[in-house]
Amino acid sequence: MSTPTAPGLPPLSEPTAWHTISLTVNGEPVTAQVESRLLLSDFLRTRLGLTGTHTGCEHGVCGACTVLLDDAPVRTCLTLAVQAAGAELRTVEGLTQDGRPLTPVQRAFHEQHGMQCGFCTPGYVMTCTALTERACRPDDDTVADELSGHLCRCTGYQNIRAAVRQALDERYGQQEETS
Amino acid sequence: MKPGPFDYAVPDTLHEALQLLSGTERDTKVLAGGQSLIPMLNMRLARPELLVDITRIPELGRLAVGDDGALRIGASVRQTAVADDPVVREGWPLLTTAITQIGHPQIRNRGTVCGSLVHHDPAAELPAAALALDARFTVAGPGGTRTVEAADFFLSTFATDVEPDEIVTEVVVPPQPAGTGWAFQELIHRRGDFAGVGVAVLLRRTGERVGAARIVFFGVGSTPVRVPAAEQALIGSGFDAEATVAATRAALDPQGDVHAGAEWRREGAEVLLRRALAEAWERTA
């Protein structure tokens with residue numbers, strides 16, 4: 001992969017405090033000048049106004065800031081904006097638009113009340129969205145492992161699990177109750 | 001919880017990366033997945049002046065088995081890519097299991113195998129796995145490339161045998177003899193945390209006796225700790241788990257910290273060892 005550059009600006013291979021990055025966010029091309037130290041979470045929230053991505057702990061523990069980077073859930077507080085050059089990002093805002101139907105994952109969280117205060121919800125929804133995009137249904141251990149990367153301070157875990165189960169059932173077909 | 005200012009560069013070749021690291025008085029850090037470094041930047045426990053991102057150097061992105069049967073994991077290969085690889089799972093199941101116990105999937109999707117090894121948190125999984133598997137490191141620097149065995153690589157907490165102007169380009173894991181039994185277990189308060197204590201065990205069978213053994217603990221010192229006395233006790237006795245536990249008790253001197261007390265670690269090491277020996281023995285052929 002070659003280093004992405006914008007015309008007329010120094011390439012990312014130059015060691016500088018500011019860089020121009022180009023990436024795709026929710027299907028839209030974005031080019032921006034960013035400071036090297038800017039976290040991807042802050043880039044999304046303060047530069048692009050995508051405040052659906054929440055920042056909780058800012059050191060990788062809580063999972064609230066999780067988005068999909070090239071289809072994989074990652075912590076945006078543990079990723080620099082410059083590291084996302086050339087990447088394809090999806091945030092909670094990109095799942096659907098006002099007036100359009102919710103995605104099956106969003107609907108499952110709504111119907112199962114898989115949220116209380118809602119602060120952790122965007123992170124869960126993005127991880128769960130990735131779980132519904134696999135070739136085949138992830139097993140219960142995998143689901144538990146993926147969900148372990150998120151904290152819900154309201155401790156609403158049972159409803160979150162029910163929501164994830166509904167979304168997976170809808171995507172991959174019903175599964176026998178195992179727990 | 002925001003990093004201090006620094007310069008950042010993402011070179012396209014290893015040569016450029018090494019040039020950025022050499023001949024400078026600046027505090028420079030290599031960045032790969034960033035899952036250890038960026039938390040330290042956020043908390044300003046690290047304040048480097050320049051980060052050199054090595055993830056766009058094509059040759060460092062390779063994951064392959066060489067002609068000698070050894071697994072070669074390039075410096076920018078993500079943990080998830082290794083854990084999901086069926087060839088790795090078949091040939092190095094201990095490594096697969098160790099990786100799946102690191103942090104959370106969202107961390108492993110970014111974090112690299114080599115990055116975790118070079119960072120060397122002594123409570124982390126991969127240094128112990130590397131020591132148990134006799135891995136070796138390819139280290140590139142201004143004067144050329146050298147190879148460091150895992151037994152010499154881990155110096156102390158957060159310290160490895162890598163100079164500031166060097167880059168670990170790959171970790172090489174030798175093939176495991178057929179029939180090797182293995183176990184990798186850790187005790188942990190919450191899923192995804194660093195281990196309070198953990199153990200990696202590799203066993204080979206000679207008839208009904210243990211022919212060869214490797215026992216490595218982590219979370220019990222400033223590096224992963226191999227316990228040759230316990231290995232010898234196991235081999236010499238055929239398979240006497242209690243003699244092996246006793247030899248371990250005499251060899252280990254875990255310290256207490258905010259994560260776990262010394263006694264908890266000591267007892268945990270013994271409990272894990274009994275379980276791991278049984279599991280590894282079961283898997284021998």
# chains A, B, ... in the order shown; residues from 1 in each chain; ligands from 1
>>> residues_around(residues="A:Leu80", least_positions_apart="4", cutoff="7 Å", atoms="only C-alpha atoms", output="ChimeraX atom specification")
/A:37-40,84
>>> interface_residues(of="chain B", to="chain A", cutoff="9 Å", atoms="only C-alpha atoms", output="VMD selection string")
chain B and resid 1 to 12 16 20 33 to 43 50 to 53 56 to 58 103 to 110 191 to 192
>>> write_last_selection(atoms="C-alpha atoms", output="PDB file, in the first residue's frame")
ATOM      1  CA  MET B   1      -6.288  11.974  28.609  1.00  0.00           C
ATOM      2  CA  LYS B   2      -4.916  13.470  25.404  1.00  0.00           C
ATOM      3  CA  PRO B   3      -1.418  12.856  24.060  1.00  0.00           C
ATOM      4  CA  GLY B   4       1.152  15.628  24.177  1.00  0.00           C
ATOM      5  CA  PRO B   5       2.420  16.951  20.842  1.00  0.00           C
ATOM      6  CA  PHE B   6       4.685  14.855  18.655  1.00  0.00           C
ATOM      7  CA  ASP B   7       5.745  14.501  15.040  1.00  0.00           C
ATOM      8  CA  TYR B   8       4.517  11.498  13.101  1.00  0.00           C
ATOM      9  CA  ALA B   9       5.809   9.810   9.983  1.00  0.00           C
ATOM     10  CA  VAL B  10       4.702   6.718   8.116  1.00  0.00           C
ATOM     11  CA  PRO B  11       7.566   5.576   5.896  1.00  0.00           C
ATOM     12  CA  ASP B  12       7.079   3.223   2.942  1.00  0.00           C
ATOM     13  CA  GLU B  16      13.393   5.046   5.558  1.00  0.00           C
ATOM     14  CA  LEU B  20      14.150   8.265  10.894  1.00  0.00           C
ATOM     15  CA  GLY B  33      -0.879  -1.154  16.369  1.00  0.00           C
ATOM     16  CA  GLY B  34      -0.562   1.345  19.202  1.00  0.00           C
ATOM     17  CA  GLN B  35      -2.641  -0.620  21.696  1.00  0.00           C
ATOM     18  CA  SER B  36       0.068  -0.373  24.367  1.00  0.00           C
ATOM     19  CA  LEU B  37       1.713   2.879  23.287  1.00  0.00           C
ATOM     20  CA  ILE B  38      -1.365   5.051  22.751  1.00  0.00           C
ATOM     21  CA  PRO B  39      -2.787   4.480  26.263  1.00  0.00           C
ATOM     22  CA  MET B  40       0.628   5.580  27.562  1.00  0.00           C
ATOM     23  CA  LEU B  41       0.501   8.646  25.302  1.00  0.00           C
ATOM     24  CA  ASN B  42      -3.034   9.442  26.445  1.00  0.00           C
ATOM     25  CA  MET B  43      -1.992   9.290  30.091  1.00  0.00           C
ATOM     26  CA  LEU B  50       8.531  11.473  17.029  1.00  0.00           C
ATOM     27  CA  LEU B  51       6.449   8.406  16.217  1.00  0.00           C
ATOM     28  CA  VAL B  52       7.527   6.244  13.287  1.00  0.00           C
ATOM     29  CA  ASP B  53       4.532   4.231  12.041  1.00  0.00           C
ATOM     30  CA  ARG B  56       2.741   0.616   5.681  1.00  0.00           C
ATOM     31  CA  ILE B  57       6.052  -1.152   5.050  1.00  0.00           C
ATOM     32  CA  PRO B  58       4.949  -4.087   2.866  1.00  0.00           C
ATOM     33  CA  GLY B 103      -7.396  -7.820  25.999  1.00  0.00           C
ATOM     34  CA  HIS B 104     -10.542  -7.799  23.883  1.00  0.00           C
ATOM     35  CA  PRO B 105     -11.238  -8.484  20.199  1.00  0.00           C
ATOM     36  CA  GLN B 106     -11.462  -4.713  19.584  1.00  0.00           C
ATOM     37  CA  ILE B 107      -7.894  -4.406  20.918  1.00  0.00           C
ATOM     38  CA  ARG B 108      -6.592  -7.437  19.011  1.00  0.00           C
ATOM     39  CA  ASN B 109      -7.998  -6.049  15.765  1.00  0.00           C
ATOM     40  CA  ARG B 110      -5.412  -3.242  16.039  1.00  0.00           C
ATOM     41  CA  ARG B 191     -12.053 -10.896  31.210  1.00  0.00           C
ATOM     42  CA  GLY B 192      -9.603  -8.837  29.175  1.00  0.00           C
TER      43      GLY B 192
END
>>> select_by_dssp(residues="stretch 63-199 of chain B", states="strand (DSSP E)", output="PyMOL selection string")
chain B and resi 63-65+71-74+136-141+144-149+154-156+159-160+167-173+181-187+197-199
>>> closest_residue(among="B:Gly207, B:Gly66, B:Gly198, B:Pro122", to="B:Ala285", atoms="only C-alpha atoms")
B:Gly207
>>> atom_distance(atom1="atom CA of A:Ala108", atom2="atom CA of A:Thr24")
27.1 Å
>>> closest_residue(among="B:Gly144, B:Pro93, B:Pro164, B:Gly268", to="B:Asp27", atoms="only C-alpha atoms")
B:Pro164
>>> residues_around(residues="stretch 129-132 of chain A", least_positions_apart="3", cutoff="8 Å", atoms="only C-alpha atoms", output="ChimeraX atom specification")
/A:68,71-73,105,125-126,137-138,143,167-168,171-172
>>> atom_distance(atom1="atom CA of B:Ala183", atom2="atom CA of B:Ala129")
10.3 Å
>>> closest_residue(among="B:Ala233, B:Ala135, B:Val220, B:Leu187", to="B:Leu252", atoms="only C-alpha atoms")
B:Val220
